[in-house]
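K.L.:
Just protein-v2.txt, nothing more (compact mmCIF, C-alpha atoms and all ligand atoms):
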# COMPACT_ATOMS: atom_id res chain seq x y z
CA MET A 1 19.55 18.93 -10.63
CA LYS A 2 19.69 20.58 -14.07
CA LEU A 3 17.04 20.13 -16.72
CA GLU A 4 16.81 21.20 -20.36
CA ASN A 5 13.18 22.26 -19.89
CA GLU A 6 10.10 21.05 -18.07
CA ASP A 7 9.45 18.30 -20.63
CA ALA A 8 12.70 16.65 -19.62
CA LEU A 9 10.78 15.55 -16.51
CA ASN A 10 9.14 12.94 -18.75
CA HIS A 11 12.32 10.93 -18.30
CA TYR A 12 11.80 10.68 -14.57
CA ILE A 13 9.36 8.68 -12.50
CA ILE A 14 8.53 8.89 -8.80
CA CYS A 15 8.07 5.54 -7.04
CA GLN A 16 4.48 4.83 -6.01
CA GLN A 17 5.48 3.22 -2.80
CA CYS A 18 8.37 5.29 -1.38
CA TYR A 19 8.29 8.53 -3.42
CA THR A 20 11.93 8.21 -4.56
CA LEU A 21 12.82 9.95 -7.82
CA ASN A 22 14.05 7.48 -10.43
CA GLU A 23 15.41 8.18 -13.89
CA GLU A 24 13.56 6.38 -16.64
CA LEU A 25 15.90 4.26 -18.74
CA PRO A 26 15.13 2.30 -21.88
CA ILE A 27 14.73 -1.38 -21.02
CA GLU A 28 14.53 -4.63 -22.96
CA ASP A 29 11.25 -5.86 -24.41
CA GLY A 30 9.33 -7.89 -21.85
CA SER A 31 11.37 -6.74 -18.86
CA LYS A 32 10.56 -4.45 -15.98
CA ALA A 33 12.24 -1.56 -14.19
CA CYS A 34 12.26 -1.42 -10.40
CA CYS A 35 12.71 1.36 -7.88
CA ALA A 36 16.35 1.89 -6.82
CA GLU A 37 15.27 2.43 -3.23
CA CYS A 38 12.54 -0.09 -2.43
CA GLY A 39 12.37 -2.44 -5.42
CA GLU A 40 8.74 -1.71 -6.30
CA ILE A 41 8.02 -2.12 -10.04
CA LEU A 42 8.09 1.27 -11.77
CA TYR A 43 7.25 0.35 -15.34
CA ARG A 44 7.52 -2.45 -17.88
CA TYR A 45 8.23 -2.45 -21.54
CA ASP A 46 6.07 -4.55 -23.82
CA SER A 47 6.24 -3.79 -27.53
CA LYS A 48 2.86 -5.51 -28.09
CA LEU A 49 1.15 -3.80 -25.15
CA ILE A 50 -1.88 -2.67 -27.20
CA ASP A 51 -2.66 -6.15 -28.53
CA HIS A 52 -2.11 -7.80 -25.17
CA ALA A 53 -4.28 -5.27 -23.37
CA LEU A 54 -7.07 -5.59 -25.94
CA SER A 55 -7.15 -9.38 -25.91
CA TRP A 56 -7.08 -9.57 -22.11
CA SER A 57 -9.79 -6.93 -21.73
CA ILE A 58 -12.09 -8.68 -24.20
CA THR A 59 -11.52 -12.06 -22.49
CA GLY A 60 -12.20 -10.33 -19.18
CA LEU A 61 -15.45 -8.91 -20.52
CA ILE A 62 -16.65 -12.37 -21.61
CA PHE A 63 -15.96 -13.82 -18.17
CA PHE A 64 -17.57 -10.81 -16.52
CA ALA A 65 -20.75 -11.40 -18.55
CA LEU A 66 -20.73 -15.11 -17.65
CA ALA A 67 -20.14 -14.28 -13.97
CA ASN A 68 -23.28 -12.15 -13.95
CA ALA A 69 -25.54 -14.38 -16.01
CA PHE A 70 -25.52 -17.63 -14.03
CA PRO A 71 -25.89 -18.70 -10.39
CA LEU A 72 -22.86 -18.20 -8.16
CA VAL A 73 -23.83 -20.52 -5.34
CA MET A 74 -26.78 -22.85 -4.76
CA ILE A 75 -27.96 -24.33 -1.48
CA ASP A 76 -30.46 -27.01 -0.48
CA LEU A 77 -32.32 -25.31 2.30
CA LEU A 78 -34.96 -27.41 4.07
CA GLY A 79 -35.71 -29.24 0.87
CA SER A 80 -35.95 -26.21 -1.38
CA GLU A 81 -33.16 -25.15 -3.73
CA GLN A 82 -32.03 -21.53 -3.36
CA PHE A 83 -29.45 -19.75 -5.52
CA ILE A 84 -27.88 -16.32 -5.97
CA THR A 85 -26.42 -14.43 -8.90
CA ILE A 86 -24.43 -11.20 -8.62
CA PRO A 87 -27.35 -9.00 -9.81
CA LYS A 88 -29.72 -10.85 -7.47
CA THR A 89 -27.43 -10.23 -4.49
CA ILE A 90 -27.42 -6.49 -5.19
CA ALA A 91 -31.17 -6.38 -5.93
CA SER A 92 -31.95 -8.16 -2.67
CA LEU A 93 -30.21 -5.38 -0.72
CA PHE A 94 -32.46 -2.79 -2.36
CA ALA A 95 -35.53 -4.96 -1.83
CA ASN A 96 -34.78 -5.11 1.90
CA GLY A 97 -34.31 -1.37 2.21
CA PHE A 98 -30.51 -1.36 2.43
CA TYR A 99 -30.11 1.39 -0.15
CA ILE A 100 -26.69 2.69 0.93
CA VAL A 101 -25.09 -0.75 1.02
CA GLY A 102 -26.97 -1.59 -2.19
CA PHE A 103 -25.59 1.41 -4.04
CA LEU A 104 -22.07 0.77 -2.75
CA CYS A 105 -22.20 -2.86 -3.89
CA LEU A 106 -23.72 -1.89 -7.23
CA PHE A 107 -20.80 0.43 -7.96
CA LEU A 108 -17.95 -1.48 -6.31
CA ILE A 109 -18.65 -4.94 -7.71
CA PHE A 110 -20.62 -4.24 -10.88
CA ILE A 111 -20.41 -0.78 -12.45
CA PHE A 112 -16.73 0.01 -11.78
CA PRO A 113 -15.28 -3.36 -12.85
CA LEU A 114 -17.40 -3.21 -16.00
CA MET A 115 -16.40 0.39 -16.73
CA ILE A 116 -12.71 -0.43 -16.39
CA LEU A 117 -13.03 -3.20 -18.98
CA LEU A 118 -14.98 -1.01 -21.39
CA ILE A 119 -12.60 1.94 -20.95
CA ASN A 120 -9.63 -0.34 -21.63
CA ILE A 121 -11.24 -1.70 -24.79
CA VAL A 122 -12.11 1.76 -26.17
CA LEU A 123 -8.80 3.28 -25.07
CA PHE A 124 -6.57 0.64 -26.64
CA THR A 125 -8.66 0.53 -29.82
CA LEU A 126 -8.15 4.29 -30.17
CA LEU A 127 -4.42 3.99 -29.48
CA LYS A 128 -4.15 1.16 -32.00
CA THR A 129 -5.78 3.25 -34.72
CA GLY A 130 -3.99 6.43 -33.65
CA ARG A 131 -7.13 8.47 -33.11
CA GLY A 132 -8.82 10.34 -30.27
CA GLU A 133 -5.97 12.38 -28.81
CA ASP A 134 -8.25 14.19 -26.35
CA LEU A 135 -10.58 11.28 -25.68
CA THR A 136 -7.72 8.96 -24.72
CA LYS A 137 -6.59 11.58 -22.21
CA GLU A 138 -10.05 11.84 -20.65
CA LEU A 139 -10.37 8.05 -20.53
CA LEU A 140 -7.00 7.70 -18.83
CA ILE A 141 -7.96 10.23 -16.18
CA LEU A 142 -11.28 8.45 -15.60
CA LEU A 143 -9.48 5.11 -15.44
CA SER A 144 -7.13 6.20 -12.68
CA ARG A 145 -10.01 7.71 -10.72
CA ILE A 146 -12.14 4.56 -10.67
CA THR A 147 -9.44 1.87 -10.44
CA PRO A 148 -9.09 2.16 -6.62
CA TRP A 149 -12.86 1.64 -6.31
CA SER A 150 -13.16 -1.62 -8.21
CA MET A 151 -13.60 -4.48 -5.73
CA ALA A 152 -14.47 -7.62 -7.69
CA ASP A 153 -11.49 -9.42 -6.13
CA ILE A 154 -12.62 -8.59 -2.61
CA PHE A 155 -16.13 -9.77 -3.46
CA PHE A 156 -14.73 -13.08 -4.63
CA ILE A 157 -12.90 -13.62 -1.31
CA SER A 158 -16.17 -12.69 0.43
CA ILE A 159 -17.94 -15.55 -1.37
CA LEU A 160 -15.36 -17.98 0.01
CA VAL A 161 -15.95 -16.66 3.52
CA ALA A 162 -19.73 -16.87 3.02
CA LEU A 163 -19.40 -20.50 1.88
CA VAL A 164 -17.82 -21.47 5.20
CA LYS A 165 -20.63 -19.78 7.09
CA LEU A 166 -23.21 -21.53 4.89
CA ILE A 167 -22.04 -25.06 5.69
CA ALA A 168 -24.22 -24.99 8.80
CA PHE A 169 -27.37 -24.35 6.73
CA GLY A 170 -27.37 -27.07 4.11
CA GLN A 171 -25.75 -28.75 1.13
CA ILE A 172 -23.90 -26.17 -1.01
CA HIS A 173 -23.28 -26.37 -4.76
CA ILE A 174 -20.92 -24.12 -6.67
CA GLY A 175 -22.41 -22.53 -9.81
CA ILE A 176 -20.90 -21.73 -13.21
CA SER A 177 -20.63 -18.06 -12.35
CA PHE A 178 -18.36 -18.83 -9.42
CA TRP A 179 -15.70 -20.15 -11.82
CA ALA A 180 -16.34 -17.36 -14.32
CA LEU A 181 -15.91 -14.80 -11.55
CA MET A 182 -12.69 -16.45 -10.45
CA ALA A 183 -11.35 -16.29 -14.02
CA PHE A 184 -12.47 -12.67 -14.28
CA VAL A 185 -10.77 -11.71 -11.01
CA LEU A 186 -7.51 -13.36 -12.09
CA ILE A 187 -7.60 -11.57 -15.47
CA ASP A 188 -8.48 -8.28 -13.78
CA LEU A 189 -5.58 -8.75 -11.37
CA TYR A 190 -3.23 -9.54 -14.25
CA ILE A 191 -4.36 -6.46 -16.20
CA THR A 192 -3.92 -4.07 -13.27
CA LYS A 193 -0.54 -5.59 -12.34
CA SER A 194 0.92 -5.77 -15.84
CA ILE A 195 -0.58 -2.72 -17.54
CA ARG A 196 0.06 0.25 -15.30
CA ILE A 197 -1.54 3.57 -16.03
CA PRO A 198 1.77 5.51 -16.34
CA GLU A 199 2.82 3.06 -19.05
CA ILE A 200 -0.32 3.84 -21.04
CA TRP A 201 0.53 7.54 -20.74
CA MET A 202 4.02 6.83 -22.09
CA LEU A 203 2.52 4.84 -24.93
CA ARG A 204 0.09 7.66 -25.69
CA LYS A 205 3.01 10.11 -25.82
CA LYS A 206 4.69 7.94 -28.46
CA ILE A 207 1.50 7.74 -30.52
CA PHE A 208 0.62 11.43 -30.28
CA PRO A 209 4.06 13.07 -30.11
CA LYS A 210 3.00 16.44 -31.42
CA GLU A 211 1.37 17.45 -28.16
CA ALA A 212 4.79 17.77 -26.56
CA ALA A 213 5.65 20.61 -28.95
CA ALA A 214 2.40 22.46 -28.36
CA MET B 1 18.38 25.16 -18.98
CA ILE B 2 16.62 25.25 -15.64
CA GLU B 3 18.00 24.47 -12.24
CA ILE B 4 15.58 22.66 -9.97
CA ASP B 5 15.77 21.34 -6.45
CA GLU B 6 14.95 17.64 -6.39
CA ASP B 7 12.75 18.20 -3.34
CA LYS B 8 10.51 20.41 -5.47
CA LEU B 9 9.45 17.49 -7.65
CA ILE B 10 6.05 15.99 -6.92
CA ARG B 11 3.99 13.18 -8.41
CA CYS B 12 0.60 13.81 -9.96
CA PRO B 13 -1.91 11.76 -7.93
CA VAL B 14 -3.94 11.01 -11.07
CA CYS B 15 -1.44 10.12 -13.81
CA ASP B 16 1.83 9.77 -11.82
CA ALA B 17 3.70 12.30 -14.00
CA VAL B 18 6.60 14.12 -12.33
CA ASN B 19 5.78 17.81 -11.86
CA ILE B 20 7.54 20.83 -10.44
CA ASP B 21 5.89 22.10 -7.28
CA LYS B 22 5.04 25.69 -8.12
CA GLY B 23 3.38 26.56 -4.85
CA LYS B 24 -0.33 27.10 -4.40
CA LYS B 25 -1.83 26.23 -7.76
CA ASN B 26 -0.38 23.27 -9.55
CA SER B 27 -1.95 21.63 -12.53
CA CYS B 28 -0.36 18.53 -13.95
CA ARG B 29 1.56 19.10 -17.17
CA ARG B 30 0.43 15.75 -18.57
CA CYS B 31 -3.22 15.26 -17.57
CA GLY B 32 -4.16 18.75 -16.40
CA SER B 33 -5.56 17.59 -13.06
CA ALA B 34 -5.21 19.98 -10.17
CA ILE B 35 -2.51 18.76 -7.81
CA TYR B 36 -4.08 19.53 -4.50
CA HIS B 37 -2.17 22.18 -2.70
CA HIS B 38 -4.08 24.48 -0.50
CA LYS B 39 -1.84 26.28 1.95
CA LYS B 40 -4.55 26.93 4.52
CA PHE B 41 -6.90 23.99 4.17
CA SER B 42 -4.40 21.30 3.26
CA THR B 43 -5.71 18.62 5.59
CA GLU B 44 -9.24 19.73 6.51
CA LYS B 45 -11.03 17.66 3.89
CA SER B 46 -9.22 14.51 4.92
CA TRP B 47 -9.93 15.24 8.61
CA ALA B 48 -13.64 15.70 7.91
CA TYR B 49 -13.89 12.35 6.12
CA LEU B 50 -11.85 10.60 8.77
CA ILE B 51 -14.02 11.89 11.62
CA THR B 52 -17.19 10.89 9.76
CA ALA B 53 -15.74 7.41 9.30
CA LEU B 54 -14.84 7.20 12.96
CA ILE B 55 -18.34 8.23 14.06
CA ALA B 56 -19.93 5.64 11.76
CA TYR B 57 -17.59 2.97 13.13
CA ILE B 58 -19.21 3.21 16.59
CA PRO B 59 -22.75 2.06 15.63
CA ALA B 60 -21.10 -0.41 13.25
CA ASN B 61 -19.75 -2.21 16.30
CA LEU B 62 -22.71 -1.79 18.63
CA TYR B 63 -25.59 -2.85 16.37
CA PRO B 64 -26.03 -6.30 14.84
CA MET B 65 -24.34 -6.88 11.50
CA LEU B 66 -26.43 -9.96 10.83
CA VAL B 67 -29.82 -11.08 12.12
CA THR B 68 -30.60 -14.80 11.91
CA SER B 69 -34.19 -15.79 12.36
CA ALA B 70 -34.93 -19.50 12.51
CA PHE B 71 -38.34 -20.97 13.33
CA GLY B 72 -39.56 -17.91 15.14
CA SER B 73 -36.46 -17.06 17.17
CA ARG B 74 -34.39 -14.06 16.12
CA GLU B 75 -30.78 -13.59 16.98
CA GLY B 76 -28.50 -10.70 16.04
CA SER B 77 -24.74 -10.82 16.03
CA THR B 78 -22.35 -7.88 16.04
CA ILE B 79 -19.02 -7.81 14.19
CA LEU B 80 -17.07 -8.96 17.24
CA GLY B 81 -19.83 -11.40 18.21
CA GLY B 82 -19.66 -12.93 14.74
CA VAL B 83 -15.91 -13.40 15.04
CA VAL B 84 -16.27 -15.06 18.45
CA LEU B 85 -19.03 -17.32 17.12
CA LEU B 86 -16.91 -18.44 14.17
CA TRP B 87 -14.00 -19.10 16.49
CA GLU B 88 -16.14 -21.24 18.79
CA MET B 89 -17.47 -23.15 15.80
CA GLY B 90 -13.88 -23.99 14.91
CA SER B 91 -13.73 -21.94 11.69
CA TYR B 92 -10.44 -20.38 12.74
CA PRO B 93 -9.21 -19.13 9.32
CA VAL B 94 -12.51 -17.38 8.59
CA ALA B 95 -12.67 -15.92 12.10
CA VAL B 96 -9.17 -14.52 11.58
CA ILE B 97 -10.06 -13.09 8.13
CA ILE B 98 -13.13 -11.31 9.48
CA PHE B 99 -11.21 -10.06 12.51
CA ILE B 100 -8.46 -8.62 10.30
CA ALA B 101 -10.85 -7.15 7.72
CA SER B 102 -13.44 -5.66 10.06
CA ILE B 103 -11.45 -4.73 13.14
CA MET B 104 -7.72 -4.62 12.52
CA ILE B 105 -7.73 -2.90 9.11
CA PRO B 106 -10.21 -0.12 10.01
CA ILE B 107 -8.46 0.61 13.32
CA SER B 108 -4.97 0.64 11.85
CA LYS B 109 -6.21 2.86 9.03
CA PHE B 110 -7.68 5.30 11.54
CA LEU B 111 -4.43 5.36 13.52
CA ILE B 112 -2.17 5.74 10.48
CA LEU B 113 -4.30 8.53 8.98
CA PHE B 114 -4.43 10.31 12.36
CA TYR B 115 -0.66 10.04 12.63
CA LEU B 116 -0.08 11.25 9.06
CA LEU B 117 -2.52 14.15 9.35
CA ILE B 118 -1.01 15.30 12.64
CA SER B 119 2.59 14.74 11.64
CA VAL B 120 2.38 16.91 8.51
CA LYS B 121 1.19 19.85 10.59
CA TYR B 122 3.08 19.52 13.84
CA PRO B 123 6.71 18.61 14.50
CA LEU B 124 5.63 15.42 16.31
CA GLY B 125 6.38 13.19 13.34
CA LYS B 126 9.65 14.75 12.20
CA ASP B 127 11.60 11.61 12.91
CA LYS B 128 12.95 10.02 9.79
CA LYS B 129 12.76 6.46 11.04
CA VAL B 130 9.28 5.92 9.61
CA ASN B 131 8.85 6.16 5.87
CA LYS B 132 5.54 7.96 5.78
CA HIS B 133 5.14 7.48 2.04
CA LYS B 134 5.26 3.72 2.56
CA LEU B 135 2.81 4.01 5.43
CA TYR B 136 0.41 5.93 3.23
CA TYR B 137 0.80 3.44 0.39
CA PHE B 138 0.05 0.64 2.89
CA THR B 139 -3.26 2.20 3.94
CA GLU B 140 -4.24 2.61 0.29
CA VAL B 141 -3.57 -1.08 -0.36
CA ILE B 142 -5.27 -2.59 2.71
CA GLY B 143 -8.21 -0.15 2.91
CA PRO B 144 -10.72 -1.73 0.50
CA TRP B 145 -10.35 -5.18 2.12
CA SER B 146 -12.46 -4.12 5.07
CA MET B 147 -15.48 -4.40 2.76
CA ILE B 148 -15.35 -8.22 3.09
CA ASP B 149 -17.87 -8.47 5.93
CA VAL B 150 -20.36 -6.20 4.16
CA PHE B 151 -20.20 -8.38 1.04
CA VAL B 152 -20.53 -11.56 3.13
CA VAL B 153 -23.67 -10.20 4.78
CA ALA B 154 -25.10 -9.24 1.36
CA ILE B 155 -24.47 -12.76 0.04
CA LEU B 156 -25.95 -14.53 3.07
CA ALA B 157 -29.01 -12.29 3.18
CA ALA B 158 -29.69 -12.82 -0.53
CA LEU B 159 -29.33 -16.59 -0.30
CA ILE B 160 -31.09 -17.50 2.95
CA HIS B 161 -34.58 -16.08 2.92
CA LEU B 162 -37.22 -18.69 3.54
CA SER B 163 -40.18 -17.96 5.78
CA SER B 164 -38.87 -20.40 8.40
CA VAL B 165 -35.13 -19.68 8.12
CA GLU B 166 -33.95 -16.22 7.21
CA ILE B 167 -30.80 -14.13 7.39
CA LEU B 168 -31.20 -10.36 7.35
CA ALA B 169 -28.60 -7.64 7.15
CA GLY B 170 -28.46 -5.55 10.32
CA THR B 171 -28.16 -1.83 10.98
CA ALA B 172 -24.42 -2.22 11.46
CA ALA B 173 -24.00 -3.25 7.81
CA THR B 174 -25.01 0.23 6.67
CA ALA B 175 -22.95 1.96 9.38
CA PHE B 176 -19.92 -0.16 8.58
CA ALA B 177 -20.21 0.38 4.82
CA ILE B 178 -20.41 4.15 5.41
CA SER B 179 -17.38 3.97 7.69
CA VAL B 180 -15.28 2.11 5.10
CA PHE B 181 -16.42 4.44 2.33
CA PHE B 182 -15.35 7.52 4.30
CA THR B 183 -11.98 6.09 5.36
CA LEU B 184 -11.29 5.43 1.67
CA LEU B 185 -12.29 9.02 0.86
CA ALA B 186 -10.10 10.31 3.70
CA ALA B 187 -7.10 8.43 2.35
CA HIS B 188 -7.69 9.66 -1.20
CA ALA B 189 -8.10 13.24 0.00
CA PHE B 190 -4.80 13.18 1.85
CA ASP B 191 -2.19 15.29 0.06
CA GLU B 192 0.89 13.12 -0.20
CA THR B 193 3.12 16.07 -1.11
CA LEU B 194 2.67 17.36 2.44
CA ILE B 195 4.80 14.48 3.69
CA LYS B 196 7.60 15.64 1.43
CA GLU B 197 7.35 19.23 2.61
CA ASN B 198 7.49 18.34 6.27
CA ARG B 199 10.21 15.78 6.08
ZN ZN C 1 10.45 2.92 -4.25
ZN ZN C 2 -1.30 14.17 -14.06
Could you express the structure from this file as structure tokens?

P.N.:
Amino acid sequence: MKLENEDALNHYIICQQCYTLNEELPIEDGSKACCAECGEILYRYDSKLIDHALSWSITGLIFFALANAFPLVMIDLLGSEQFITIPKTIASLFANGFYIVGFLCLFLIFIFPLMILLINIVLFTLLKTGRGEDLTKELLILLSRITPWSMADIFFISILVALVKLIAFGQIHIGISFWALMAFVLIDLYITKSIRIPEIWMLRKKIFPKEAAA
Amino acid sequence: MIEIDEDKLIRCPVCDAVNIDKGKKNSCRRCGSAIYHHKKFSTEKSWAYLITALIAYIPANLYPMLVTSAFGSREGSTILGGVVLLWEMGSYPVAVIIFIASIMIPISKFLILFYLLISVKYPLGKDKKVNKHKLYYFTEVIGPWSMIDVFVVAILAALIHLSSVEILAGTAATAFAISVFFTLLAAHAFDETLIKENR
């Protein structure tokens, strides 16, 4: 294939799933482009991406805070009421000497999901105001490095599994944080599915076009 | 005007930008990350992580994942034992979930990574019937789900801790968490462009 120069590669995208080279074509607002080979979504176009991303990230942050502040599950165990919160679950691992599992849980279900929300908020605020050319780049790199390690959704499924195992022990009550966590997981899922990192790079290119010349 | 072979185009593992494969040292034109390409040690890092994960998976299956102590009697259950117990109790969906997450996913990840790592070095996997990129993508997607049992143990241990009835995490929880962590590292360390080169 012939190219004008190396920057012309910006108009191509390699499918995440099957590694097929696709040409990037302009698409209608609100629609998505799929891989010619396997049909996997390559990118979307949303003219209000910044505002959508900001509002979803802030909503996500509120639910994340709620999910951590209140009890997740309560149980009547031999007449005494026991409950857990997310921080308490992690702290109890440390208290029992399970440091490795404790650290893993701390990062996978608390620090990384929180960082992703905060990075998104800072990143899209910068893009909205057209500042921080270098910082946005660093944040994007950090974002793609930690995204595979965020496991709030898997933790939520684990709670459901734990509930089934708990039936044998006593009467179970679902706490406020359970619903907040569910809302957070759905928002998080929506953000990662609808706002893909390559799209943010494309957006950044439009906002800071001069770097292409340099 | 430059003429470029389509096979020489690779994807940056960090930002997904399309780059020209320039041989040994590639750095992404968009994000500047090094695109891993070491002619001699292309798969060693991934092998090391995979073997560590495999070693940790052995005690993860032999030691108890969960220790239940009720009114003085203590009883440990291993991963497989826990699945069998759930099945006998009639909790079929949960037994299936744990079986898939703790046994099927780790084992299929080991096998797929072994196959990929061997096939990019030796002609064994030169058949074009299997799309190895899809296989790799599959391991990336399913990998983290094997953490389910570790999280379940953490939840149960935090919730049930009276002096008369108590659930404790077992040695296997640590071994299993280490195993999952290293399989994830092994998958991330795998250089996807090697598949392209050896196609
Ligand atoms: Zn594809
Ligand atoms: Zn890159």

K.L.:
Considering all atoms listed in the file, state which residue in the set A:Ile58, A:Leu106, A:Leu189, A:Val164 is at the smallest distance from chain B.

P.N.:
A:Val164

K.L.:
Residues of chain A within 8 Å of chain B, using only C-alpha atoms, as a PyMOL selection string?

P.N.:
chain A and resi 1-5+9-10+12-14+16-19+75+77+82-84+88-90+92-93+98+100-101+104-105+137+140-141+144-145+149+151+154-155+157-159+161-162+164+166+197-198+201

K.L.:
Quick check, in Å to one decimal: how far apart do atom CA of Tyr63 of chain B and atom CA of Gly76 of chain B lie?

P.N.:
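So the answer is 8.4 Å.
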
K.L.:
Give as number ranges by chain the residues surrounding ligand ZN 1 (chain C) up to a distance of 6 Å, considering only C-alpha atoms and all ligand atoms.

P.N.:
A: 15, 17-18, 20, 35, 37-40

K.L.:
Figure out the distance between atom CA of Leu194 of chain B and atom CA of Lys22 of chain B, please, to one decimal in Å.

P.N.:
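Atom CA of Leu194 of chain B lies at a distance of 13.7 Å from atom CA of Lys22 of chain B.
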
K.L.:
Show me, as a JSON list (two decimals) with C-alpha atoms, in the frame of the given file, the residues that have an atom within 10 Å of Ile176 of chain A when counting all atoms listed in the file, minus same-chain residues fewer than 3 positions from it.

P.N.:
[["chain", "number", "residue", "atom", "x", "y", "z"],
["A", 66, "LEU", "CA", -20.73, -15.11, -17.65],
["A", 67, "ALA", "CA", -20.14, -14.28, -13.97],
["A", 68, "ASN", "CA", -23.28, -12.15, -13.95],
["A", 69, "ALA", "CA", -25.54, -14.38, -16.01],
["A", 70, "PHE", "CA", -25.52, -17.63, -14.03],
["A", 71, "PRO", "CA", -25.89, -18.70, -10.39],
["A", 72, "LEU", "CA", -22.86, -18.20, -8.16],
["A", 73, "VAL", "CA", -23.83, -20.52, -5.34],
["A", 173, "HIS", "CA", -23.28, -26.37, -4.76],
["A", 179, "TRP", "CA", -15.70, -20.15, -11.82],
["A", 180, "ALA", "CA", -16.34, -17.36, -14.32],
["A", 181, "LEU", "CA", -15.91, -14.80, -11.55]]

K.L.:
I'd like the interatomic distance between atom CA of Glu138 of chain A and atom CA of Thr43 of chain B, to a tenth of an Å.

P.N.:
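So the two atoms, atom CA of Glu138 of chain A and atom CA of Thr43 of chain B, lie 27.4 Å apart.
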
K.L.:
With distances taken over only C-alpha atoms and all ligand atoms, which residue among A:Leu142, A:Ile191, A:Leu203, A:Ile172 lies nearest ligand ZN 2 (chain C)?

P.N.:
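Once distances to ligand ZN 2 (chain C) are computed over only C-alpha atoms and all ligand atoms, the minimum belongs to A:Leu142.
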
K.L.:
So, with all atoms listed in the file as the atoms that count, which of B:Lys25, B:Ser163, B:Ile35, B:Val83 lies closest to ligand ZN 2 (chain C)?

P.N.:
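Of B:Lys25, B:Ser163, B:Ile35, B:Val83, the one nearest ligand ZN 2 (chain C) is B:Ile35, counting all atoms listed in the file.
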
K.L.:
Of the candidates A:Asp153, A:Glu6, A:Glu28, A:Glu23, which one gets nearest to Val185 of chain A if we count all atoms listed in the file?

P.N.:
A:Asp153
